[in-house]
Amino acid sequence: MKSLIEGLNPQQREAVVYFDSPLLVLAGAGSGKTRVITYKIAYMVKELRVKPERILAVTFTNKAAKEMKERVERIIGQEAPVFVATFHSFCVRLLRAHAKRLGYSPNFLILDTEDKRRLIREILRDLNLDAERYSPSAIASVISNVKNGLYSEESMSVYYDRIKEILEIYNRRLKESNAFDFDDLLIYGRELLKDPELQRRYSNYFSYVLVDEYQDTNSLQYEIVRALTKEKGNICVVGDEDQCIYTWRGANIENILSFERDFPDARIIKLEKNYRCTKTILDAANAVIKNNRLRKGKVLFTDNPKGEPIRVFTAETETEEAKFVASTIKQLLKKGRSPSDIAVFYRTNSQSRVLEDALRREGISYQIVGGVKFYERKEIKDVIAYLRVALFETDTISLFRILNTPRRGLGTAVERELRLILQNEKNNFKALELLKERLPQKQRRAVSDLIMTLQNIREKLHSLPPYDLVKFIVVATGYEEFLRKEHPEDWESRMENVRELGNTLQEFAERERLTGEELYLEFLNTITLSSDQDELKDEEKVTLMTVHASKGLEFPIVFITGLEEGLFPHARSLDTSEEVEEERRLFYVAVTRAMELLILSRAKKRRVFGSLKDTKESRFLSEIPPHLLKEVKRKKAVKREQQEVTRSAVKGEKRPKIVFHEKFGKGIVRRVEGQGENAKVTAFFANYGEKTIVMKFLKILS
DNA sequence: CGCAGTCATTTTTTT
DNA sequence: AATGACTGCG
């Protein structure tokens with residue numbers, strides 16, 4: 001242990017061993033922040049004999065929480081059941097234990113974004129408001145902002161005149177379904193801690209509280225931290241004001257400032273030595289962030305070598321930009337780099353599509369973080385909805401989801417009827433029984449079948465292993481059949497997703513040693529709270545993600561794409577200087593993820609909403625000192641390869657050329673007309689017969 | 001009620 | 001470009 005601490009620099013070491021008063025660690029990017037936190041925990045357990053379970057470490061994602069635990073255990077060489085959690089998961093546990101005090105039952109549900117939107121849409125329909133003027137997504141965000149105290153109840157009516165009414169119904173519906181949305185978790189978690197007895201109990205229980213990514217906590221989270229440390233003030237928060245990228249969700253740089261105010265005897269330690277990036281990359285990052293006025297001001301330095309210059313590529317279109325990324329990656333791989341060393345960042349999720357296409361065409365395997373998450377896929381949500389309805393007699397949200405999925409002739413009219421019944425009868429099953437009585441023969445039959453199926457699932461909750469239960473659900477409800485019919489092109493991959501769900505569930509059950517209702521309840525809440533990064537695996541693949549999702553990660557080689565005014569910085573963030581500064585911090589985060597090589601790119605023309613638009617270079621590019629940059633020209637590698645095939649086909653070589661097409665799959669080249677990427681290739685595809693395709697849409701396999 | 005065709009909206013970032 | 005909501009017919 002001693003020798004391990006000696007491996008730290010003086011500031012890091014001091015941050016680890018300091019316990020005299022509340023501690024604020026201002027940790028620059030790549031300054032060994034995680035190291036400090038893990039060593040601090042290890043130090044407490046090993047040297048100060050603090051019980052691990054009495055240390056609370058709050059992180060930003062579940063993945064980070066898990067990693068932190070593992071690292072601590074590796075350092076001290078023994079199991080350390082440290083209480084690591086995210087703010088949300090911590091509140092879930094708090095709420096689970098004390099839900100009754102708030103008039104909720106402990107088996108509550110957590111609504112995800114889609115559930116929330118659906119519910120709002122329903123409410124709007126009930127109020128006869130048209131969804132044009134009242135967009136459900138916009139209302140969802142207003143509701144969230146109100147709940148987070150960003151708007152007062154008066155100011156929110158500026159956005160929508162009937163918002164107060166909507167909000168009231170929304171909250172009532174949530175309560176009736178025994179459900180919380182993401183914001184509620186924090187609100188009610190804090191509510192519980194307002195009770196003096198609970199507040200005392202928990203703040204006494206935890207010997208020490210650590211908060212990571214402190215710059216991105218909002219005022220609710222801050223209050224929770226305050227409540228937990230009231231008795232002892234044993235707290236350490238770690239953050240970097242230059243990496244605050246979530247103000248739109250209520251994160252507050254002020255928290256860093258108010259820390260000194262609320263904890264007057266607080267100690268502040270700055271970590272300014274960077275161990276991650278080359279000098280070139282760090283110089284660029286420093287130069288860019290210097291343009292922000294709202295910061296405490298620190299300048300990172302490093303002993304690392306200068307490294308390669310930052311590459312900049314200007315493409316004509318976004319397709320060409322993607323091609324450049326793909327071919328550069330291919331070269332890097334050829335040189336022996338591992339795919340897992342490489343990450344490609346973009347500002348908005350919509351940018352991923354072209355990049356994916358390009359990578360696929362080059363045969364580079366990639367994983368994508370974020371976007372449509374696994375648990376948000378329709379087939380997964382449908383199966384889960386069946387589980388939920390079987391489990392919870394009051395989950396009306398899920399009931400409506402599955403009522404007519406797969407189609408069983410229960411349309412809007414029946415839906416309306418059921419909604420009416422549910423106003424007086426909160427129990428799903430009883431409501432369905434009542435509904436049956438009011439329907440004509442054919443639909444009555446359908447409802448009967450549905451009830452039977454649901455009862456069947458209920459009975460098997462305990463007897464069948466999770467994997468088999470999932471299988472049973474898709475068969476018994478006719479869901480598999482439904483997929484096959486409705487999605488003839490991709491029902492197989494959808495079924496694959498469902499099987500994947502079964503596997504995950506099975507693994508979860510074995511790992512957590514849970515069964516029956518408890519198992520499904522835990523699982524459902526875990527997946528609702530799973531973050532983008534939680535899906536990230538250590539695979540031998542190139543990683544694609546938004547800049548937001550890259551927070552806290554590092555990669556030897558990083559691409560930042562779409563460096564154009566209006567995209568990065570985003571057009572929606574150009575109104576105020578505060579917004580532009582947040583975009584700049586976002587860019588700063590992106591740049592400082594790179595350890596060795598940074599590659600920046602942009603397109604002169606980009607397709608926005610289907611139409612081609614001219615773009616201007618991002619201001620952030622010009623904020624990097626030119627001597628750190630190196631303009632690169634497009635490599636001809638791809639073209640040469642294509643010409644190669646053209647030539648060989650023309651010469652009528654014996655060995656048949658095999659090509660690959662996105663939709664048609666592998667094909668054998670029959671004829672080629674013309675030259676280069678616009679050459680027309682006629683090839684025979686197993687399932688589609690002979691097709692003539694322009695060369696640039698084909699990948700050459702042999 | 002279900003379907004096919006039309007119209008409109010989408011792209012900020014996420015627990 | 002693509003997805004989803006809406007409309008009117010069978």
# chains A, B, ... in the order shown; residues from 1 in each chain; ligands from 1

call {"tool": "interface_residues", "arguments": {"of": "chain C", "to": "chain A", "cutoff": "12 Å", "atoms": "only C-alpha atoms (C1' of nucleotides)", "output": "list of chain:residue names"}}
result
C:DA1, C:DA2, C:DA5, C:DC6

call {"tool": "write_last_selection", "arguments": {"atoms": "N, CA and C atoms (P, O5', C5', C4', C3', O3' and C1' of nucleotides)", "output": "compact mmCIF listing (two decimals), in the first residue's frame"}}
result
# COMPACT_ATOMS: atom_id res chain seq x y z
P DA C 1 -32.82 11.88 -50.69
O5' DA C 1 -32.79 11.53 -49.11
C5' DA C 1 -31.65 10.96 -48.52
C4' DA C 1 -32.03 10.11 -47.34
C3' DA C 1 -32.96 8.93 -47.61
O3' DA C 1 -32.54 7.86 -46.80
C1' DA C 1 -34.03 10.46 -46.14
P DA C 2 -33.45 6.59 -46.64
O5' DA C 2 -34.25 6.98 -45.30
C5' DA C 2 -33.54 7.27 -44.10
C4' DA C 2 -34.55 7.39 -42.98
C3' DA C 2 -35.59 6.26 -42.98
O3' DA C 2 -35.88 5.91 -41.65
C1' DA C 2 -36.69 8.30 -43.10
P DA C 5 -46.21 7.71 -34.01
O5' DA C 5 -47.33 8.79 -34.39
C5' DA C 5 -47.02 10.19 -34.33
C4' DA C 5 -47.99 10.95 -35.21
C3' DA C 5 -49.46 10.59 -34.98
O3' DA C 5 -50.22 11.78 -34.96
C1' DA C 5 -48.90 10.25 -37.26
P DC C 6 -51.78 11.74 -34.70
O5' DC C 6 -52.38 11.84 -36.17
C5' DC C 6 -52.01 12.95 -36.99
C4' DC C 6 -52.73 12.84 -38.32
C3' DC C 6 -54.22 12.53 -38.22
O3' DC C 6 -54.91 13.42 -39.08
C1' DC C 6 -53.16 10.96 -39.64

call {"tool": "select_by_dssp", "arguments": {"residues": "range 240-411 of chain A", "states": "strand (DSSP E)", "output": "list in words"}}
result
Arg267, Ile268, Ile269, Lys270, Leu271, Ile310, Arg311, Val312, Phe313, Thr314, Ala315, Glu316, Thr317, Ile342, Ala343, Val344, Phe345, Tyr346, Tyr366, Gln367 and Ile368 of chain A

call {"tool": "closest_atom_pairs", "arguments": {"of": "chain A", "to": "chain B", "cutoff": "9 Å", "atoms": "only C-alpha atoms (C1' of nucleotides)", "output": "JSON lines"}}
result
{"residue": "A:Phe60", "atom": "CA", "partner": "B:DT15", "partner_atom": "C1'", "distance": 8.7}
{"residue": "A:Thr61", "atom": "CA", "partner": "B:DT15", "partner_atom": "C1'", "distance": 8.4}
{"residue": "A:Thr86", "atom": "CA", "partner": "B:DT15", "partner_atom": "C1'", "distance": 8.9}
{"residue": "A:Phe87", "atom": "CA", "partner": "B:DT15", "partner_atom": "C1'", "distance": 8.8}
{"residue": "A:His88", "atom": "CA", "partner": "B:DT15", "partner_atom": "C1'", "distance": 7.0}
{"residue": "A:Phe182", "atom": "CA", "partner": "B:DT15", "partner_atom": "C1'", "distance": 6.6}
{"residue": "A:Asp183", "atom": "CA", "partner": "B:DT15", "partner_atom": "C1'", "distance": 8.6}
{"residue": "A:Ile245", "atom": "CA", "partner": "B:DT13", "partner_atom": "C1'", "distance": 8.3}
{"residue": "A:Tyr246", "atom": "CA", "partner": "B:DT13", "partner_atom": "C1'", "distance": 7.7}
{"residue": "A:Trp248", "atom": "CA", "partner": "B:DT13", "partner_atom": "C1'", "distance": 8.2}
{"residue": "A:Arg249", "atom": "CA", "partner": "B:DT14", "partner_atom": "C1'", "distance": 8.3}
{"residue": "A:Arg347", "atom": "CA", "partner": "B:DT12", "partner_atom": "C1'", "distance": 7.6}
{"residue": "A:Thr348", "atom": "CA", "partner": "B:DT12", "partner_atom": "C1'", "distance": 6.1}
{"residue": "A:Asn349", "atom": "CA", "partner": "B:DT11", "partner_atom": "C1'", "distance": 7.8}
{"residue": "A:Ser350", "atom": "CA", "partner": "B:DT11", "partner_atom": "C1'", "distance": 6.4}
{"residue": "A:Gly409", "atom": "CA", "partner": "B:DC1", "partner_atom": "C1'", "distance": 6.6}
{"residue": "A:Leu410", "atom": "CA", "partner": "B:DC1", "partner_atom": "C1'", "distance": 8.0}
{"residue": "A:Gly411", "atom": "CA", "partner": "B:DC1", "partner_atom": "C1'", "distance": 6.5}
{"residue": "A:Thr412", "atom": "CA", "partner": "B:DC1", "partner_atom": "C1'", "distance": 8.7}
{"residue": "A:Ala413", "atom": "CA", "partner": "B:DC1", "partner_atom": "C1'", "distance": 9.0}
{"residue": "A:Leu529", "atom": "CA", "partner": "B:DT15", "partner_atom": "C1'", "distance": 6.5}
{"residue": "A:Ser530", "atom": "CA", "partner": "B:DT15", "partner_atom": "C1'", "distance": 8.1}
{"residue": "A:Ser531", "atom": "CA", "partner": "B:DT15", "partner_atom": "C1'", "distance": 6.8}
{"residue": "A:Asp532", "atom": "CA", "partner": "B:DT14", "partner_atom": "C1'", "distance": 8.4}
{"residue": "A:Thr546", "atom": "CA", "partner": "B:DT13", "partner_atom": "C1'", "distance": 8.2}
{"residue": "A:Val547", "atom": "CA", "partner": "B:DT13", "partner_atom": "C1'", "distance": 8.4}
{"residue": "A:His548", "atom": "CA", "partner": "B:DT13", "partner_atom": "C1'", "distance": 6.3}
{"residue": "A:Ala549", "atom": "CA", "partner": "B:DT14", "partner_atom": "C1'", "distance": 8.7}
{"residue": "A:Leu567", "atom": "CA", "partner": "B:DT12", "partner_atom": "C1'", "distance": 8.9}
{"residue": "A:His570", "atom": "CA", "partner": "B:DT12", "partner_atom": "C1'", "distance": 7.0}
{"residue": "A:Ala571", "atom": "CA", "partner": "B:DT12", "partner_atom": "C1'", "distance": 8.8}
{"residue": "A:Arg572", "atom": "CA", "partner": "B:DT12", "partner_atom": "C1'", "distance": 7.2}
{"residue": "A:Ser573", "atom": "CA", "partner": "B:DT12", "partner_atom": "C1'", "distance": 8.6}
{"residue": "A:Val608", "atom": "CA", "partner": "B:DT11", "partner_atom": "C1'", "distance": 8.6}
{"residue": "A:Phe609", "atom": "CA", "partner": "B:DT10", "partner_atom": "C1'", "distance": 7.4}

call {"tool": "atom_distance", "arguments": {"atom1": "CA of Val146 in chain A", "atom2": "CA of Val84 in chain A"}}
result
28.8 Å

call {"tool": "atom_distance", "arguments": {"atom1": "CA of Lys471 in chain A", "atom2": "CA of Glu512 in chain A"}}
result
21.2 Å

call {"tool": "atom_distance", "arguments": {"atom1": "CA of Thr396 in chain A", "atom2": "CA of Ile123 in chain A"}}
result
13.4 Å

call {"tool": "select_by_dssp", "arguments": {"residues": "range 504-660 of chain A", "states": "alpha helix (DSSP H)", "output": "ChimeraX atom specification"}}
result
/A:504-512,516-528,577-591,619-622,637-650

call {"tool": "residues_around", "arguments": {"residues": "Asp468 in chain A", "least_positions_apart": "3", "cutoff": "12 Å", "atoms": "only C-alpha atoms (C1' of nucleotides)", "output": "number ranges by chain"}}
result
A: 457, 460-465, 471-476, 498-499, 501-503, 505-506

call {"tool": "decode", "arguments": {"residues": "range 315-345 of chain A", "atoms": "N, CA, C and O atoms", "output": "PDB file, in the first residue's frame"}}
result
ATOM      1  N   ALA A 315     -13.451  17.461 -46.253  1.00  0.00           N
ATOM      2  CA  ALA A 315     -14.083  16.658 -47.299  1.00  0.00           C
ATOM      3  C   ALA A 315     -15.095  17.499 -48.050  1.00  0.00           C
ATOM      4  O   ALA A 315     -15.526  18.543 -47.575  1.00  0.00           O
ATOM      5  N   GLU A 316     -15.480  17.037 -49.241  1.00  0.00           N
ATOM      6  CA  GLU A 316     -16.509  17.744 -50.006  1.00  0.00           C
ATOM      7  C   GLU A 316     -17.887  17.530 -49.382  1.00  0.00           C
ATOM      8  O   GLU A 316     -18.637  18.457 -49.168  1.00  0.00           O
ATOM      9  N   THR A 317     -18.200  16.283 -49.089  1.00  0.00           N
ATOM     10  CA  THR A 317     -19.511  15.952 -48.528  1.00  0.00           C
ATOM     11  C   THR A 317     -19.339  15.062 -47.301  1.00  0.00           C
ATOM     12  O   THR A 317     -18.246  14.590 -47.030  1.00  0.00           O
ATOM     13  N   GLU A 318     -20.441  14.834 -46.596  1.00  0.00           N
ATOM     14  CA  GLU A 318     -20.318  14.006 -45.402  1.00  0.00           C
ATOM     15  C   GLU A 318     -20.012  12.547 -45.756  1.00  0.00           C
ATOM     16  O   GLU A 318     -19.418  11.827 -44.970  1.00  0.00           O
ATOM     17  N   THR A 319     -20.420  12.128 -46.950  1.00  0.00           N
ATOM     18  CA  THR A 319     -20.101  10.762 -47.371  1.00  0.00           C
ATOM     19  C   THR A 319     -18.593  10.618 -47.548  1.00  0.00           C
ATOM     20  O   THR A 319     -18.002   9.611 -47.159  1.00  0.00           O
ATOM     21  N   GLU A 320     -17.991  11.648 -48.149  1.00  0.00           N
ATOM     22  CA  GLU A 320     -16.550  11.592 -48.360  1.00  0.00           C
ATOM     23  C   GLU A 320     -15.811  11.666 -47.026  1.00  0.00           C
ATOM     24  O   GLU A 320     -14.795  11.008 -46.833  1.00  0.00           O
ATOM     25  N   GLU A 321     -16.367  12.459 -46.120  1.00  0.00           N
ATOM     26  CA  GLU A 321     -15.775  12.540 -44.786  1.00  0.00           C
ATOM     27  C   GLU A 321     -15.764  11.147 -44.145  1.00  0.00           C
ATOM     28  O   GLU A 321     -14.757  10.703 -43.594  1.00  0.00           O
ATOM     29  N   ALA A 322     -16.881  10.465 -44.260  1.00  0.00           N
ATOM     30  CA  ALA A 322     -16.989   9.128 -43.678  1.00  0.00           C
ATOM     31  C   ALA A 322     -16.016   8.165 -44.343  1.00  0.00           C
ATOM     32  O   ALA A 322     -15.379   7.347 -43.678  1.00  0.00           O
ATOM     33  N   LYS A 323     -15.882   8.302 -45.656  1.00  0.00           N
ATOM     34  CA  LYS A 323     -14.942   7.443 -46.385  1.00  0.00           C
ATOM     35  C   LYS A 323     -13.524   7.676 -45.898  1.00  0.00           C
ATOM     36  O   LYS A 323     -12.746   6.735 -45.743  1.00  0.00           O
ATOM     37  N   PHE A 324     -13.214   8.961 -45.688  1.00  0.00           N
ATOM     38  CA  PHE A 324     -11.883   9.305 -45.189  1.00  0.00           C
ATOM     39  C   PHE A 324     -11.632   8.633 -43.834  1.00  0.00           C
ATOM     40  O   PHE A 324     -10.580   8.040 -43.603  1.00  0.00           O
ATOM     41  N   VAL A 325     -12.615   8.733 -42.954  1.00  0.00           N
ATOM     42  CA  VAL A 325     -12.480   8.114 -41.634  1.00  0.00           C
ATOM     43  C   VAL A 325     -12.233   6.617 -41.780  1.00  0.00           C
ATOM     44  O   VAL A 325     -11.305   6.055 -41.198  1.00  0.00           O
ATOM     45  N   ALA A 326     -13.054   5.991 -42.627  1.00  0.00           N
ATOM     46  CA  ALA A 326     -12.939   4.543 -42.800  1.00  0.00           C
ATOM     47  C   ALA A 326     -11.588   4.145 -43.379  1.00  0.00           C
ATOM     48  O   ALA A 326     -10.940   3.220 -42.886  1.00  0.00           O
ATOM     49  N   SER A 327     -11.145   4.866 -44.420  1.00  0.00           N
ATOM     50  CA  SER A 327      -9.892   4.442 -45.044  1.00  0.00           C
ATOM     51  C   SER A 327      -8.707   4.741 -44.132  1.00  0.00           C
ATOM     52  O   SER A 327      -7.737   3.983 -44.111  1.00  0.00           O
ATOM     53  N   THR A 328      -8.778   5.838 -43.378  1.00  0.00           N
ATOM     54  CA  THR A 328      -7.694   6.118 -42.435  1.00  0.00           C
ATOM     55  C   THR A 328      -7.623   5.028 -41.361  1.00  0.00           C
ATOM     56  O   THR A 328      -6.540   4.577 -40.989  1.00  0.00           O
ATOM     57  N   ILE A 329      -8.791   4.619 -40.895  1.00  0.00           N
ATOM     58  CA  ILE A 329      -8.810   3.553 -39.893  1.00  0.00           C
ATOM     59  C   ILE A 329      -8.198   2.280 -40.471  1.00  0.00           C
ATOM     60  O   ILE A 329      -7.411   1.599 -39.825  1.00  0.00           O
ATOM     61  N   LYS A 330      -8.537   2.019 -41.727  1.00  0.00           N
ATOM     62  CA  LYS A 330      -8.012   0.817 -42.361  1.00  0.00           C
ATOM     63  C   LYS A 330      -6.480   0.840 -42.389  1.00  0.00           C
ATOM     64  O   LYS A 330      -5.822  -0.155 -42.091  1.00  0.00           O
ATOM     65  N   GLN A 331      -5.937   2.013 -42.743  1.00  0.00           N
ATOM     66  CA  GLN A 331      -4.473   2.147 -42.751  1.00  0.00           C
ATOM     67  C   GLN A 331      -3.887   1.911 -41.371  1.00  0.00           C
ATOM     68  O   GLN A 331      -2.887   1.219 -41.209  1.00  0.00           O
ATOM     69  N   LEU A 332      -4.533   2.507 -40.373  1.00  0.00           N
ATOM     70  CA  LEU A 332      -4.031   2.366 -39.006  1.00  0.00           C
ATOM     71  C   LEU A 332      -4.038   0.903 -38.589  1.00  0.00           C
ATOM     72  O   LEU A 332      -3.113   0.423 -37.934  1.00  0.00           O
ATOM     73  N   LEU A 333      -5.085   0.197 -38.973  1.00  0.00           N
ATOM     74  CA  LEU A 333      -5.181  -1.217 -38.626  1.00  0.00           C
ATOM     75  C   LEU A 333      -4.086  -2.014 -39.324  1.00  0.00           C
ATOM     76  O   LEU A 333      -3.491  -2.913 -38.748  1.00  0.00           O
ATOM     77  N   LYS A 334      -3.836  -1.631 -40.572  1.00  0.00           N
ATOM     78  CA  LYS A 334      -2.801  -2.316 -41.339  1.00  0.00           C
ATOM     79  C   LYS A 334      -1.443  -2.151 -40.663  1.00  0.00           C
ATOM     80  O   LYS A 334      -0.600  -3.037 -40.689  1.00  0.00           O
ATOM     81  N   LYS A 335      -1.261  -0.977 -40.058  1.00  0.00           N
ATOM     82  CA  LYS A 335      -0.002  -0.709 -39.357  1.00  0.00           C
ATOM     83  C   LYS A 335       0.067  -1.436 -38.030  1.00  0.00           C
ATOM     84  O   LYS A 335       1.036  -1.265 -37.278  1.00  0.00           O
ATOM     85  N   GLY A 336      -0.982  -2.143 -37.691  1.00  0.00           N
ATOM     86  CA  GLY A 336      -0.919  -2.951 -36.479  1.00  0.00           C
ATOM     87  C   GLY A 336      -1.657  -2.383 -35.281  1.00  0.00           C
ATOM     88  O   GLY A 336      -1.581  -2.926 -34.182  1.00  0.00           O
ATOM     89  N   ARG A 337      -2.357  -1.251 -35.476  1.00  0.00           N
ATOM     90  CA  ARG A 337      -3.146  -0.721 -34.366  1.00  0.00           C
ATOM     91  C   ARG A 337      -4.336  -1.636 -34.119  1.00  0.00           C
ATOM     92  O   ARG A 337      -4.882  -2.223 -35.049  1.00  0.00           O
ATOM     93  N   SER A 338      -4.738  -1.700 -32.876  1.00  0.00           N
ATOM     94  CA  SER A 338      -5.905  -2.511 -32.563  1.00  0.00           C
ATOM     95  C   SER A 338      -7.166  -1.670 -32.742  1.00  0.00           C
ATOM     96  O   SER A 338      -7.161  -0.475 -32.442  1.00  0.00           O
ATOM     97  N   PRO A 339      -8.247  -2.273 -33.235  1.00  0.00           N
ATOM     98  CA  PRO A 339      -9.486  -1.513 -33.423  1.00  0.00           C
ATOM     99  C   PRO A 339      -9.956  -0.858 -32.125  1.00  0.00           C
ATOM    100  O   PRO A 339     -10.523   0.237 -32.143  1.00  0.00           O
ATOM    101  N   SER A 340      -9.707  -1.512 -31.006  1.00  0.00           N
ATOM    102  CA  SER A 340     -10.196  -0.964 -29.740  1.00  0.00           C
ATOM    103  C   SER A 340      -9.415   0.276 -29.308  1.00  0.00           C
ATOM    104  O   SER A 340      -9.784   0.951 -28.354  1.00  0.00           O
ATOM    105  N   ASP A 341      -8.323   0.598 -30.034  1.00  0.00           N
ATOM    106  CA  ASP A 341      -7.567   1.819 -29.741  1.00  0.00           C
ATOM    107  C   ASP A 341      -8.212   3.041 -30.379  1.00  0.00           C
ATOM    108  O   ASP A 341      -7.800   4.166 -30.138  1.00  0.00           O
ATOM    109  N   ILE A 342      -9.212   2.805 -31.226  1.00  0.00           N
ATOM    110  CA  ILE A 342      -9.718   3.880 -32.068  1.00  0.00           C
ATOM    111  C   ILE A 342     -11.162   4.242 -31.732  1.00  0.00           C
ATOM    112  O   ILE A 342     -12.002   3.364 -31.535  1.00  0.00           O
ATOM    113  N   ALA A 343     -11.427   5.552 -31.638  1.00  0.00           N
ATOM    114  CA  ALA A 343     -12.796   6.007 -31.406  1.00  0.00           C
ATOM    115  C   ALA A 343     -13.145   7.112 -32.390  1.00  0.00           C
ATOM    116  O   ALA A 343     -12.291   7.908 -32.769  1.00  0.00           O
ATOM    117  N   VAL A 344     -14.393   7.151 -32.822  1.00  0.00           N
ATOM    118  CA  VAL A 344     -14.873   8.199 -33.715  1.00  0.00           C
ATOM    119  C   VAL A 344     -15.994   8.949 -33.003  1.00  0.00           C
ATOM    120  O   VAL A 344     -16.976   8.343 -32.583  1.00  0.00           O
ATOM    121  N   PHE A 345     -15.819  10.255 -32.854  1.00  0.00           N
ATOM    122  CA  PHE A 345     -16.814  11.076 -32.155  1.00  0.00           C
ATOM    123  C   PHE A 345     -17.597  11.953 -33.123  1.00  0.00           C
ATOM    124  O   PHE A 345     -17.092  12.351 -34.166  1.00  0.00           O
TER     125      PHE A 345
END
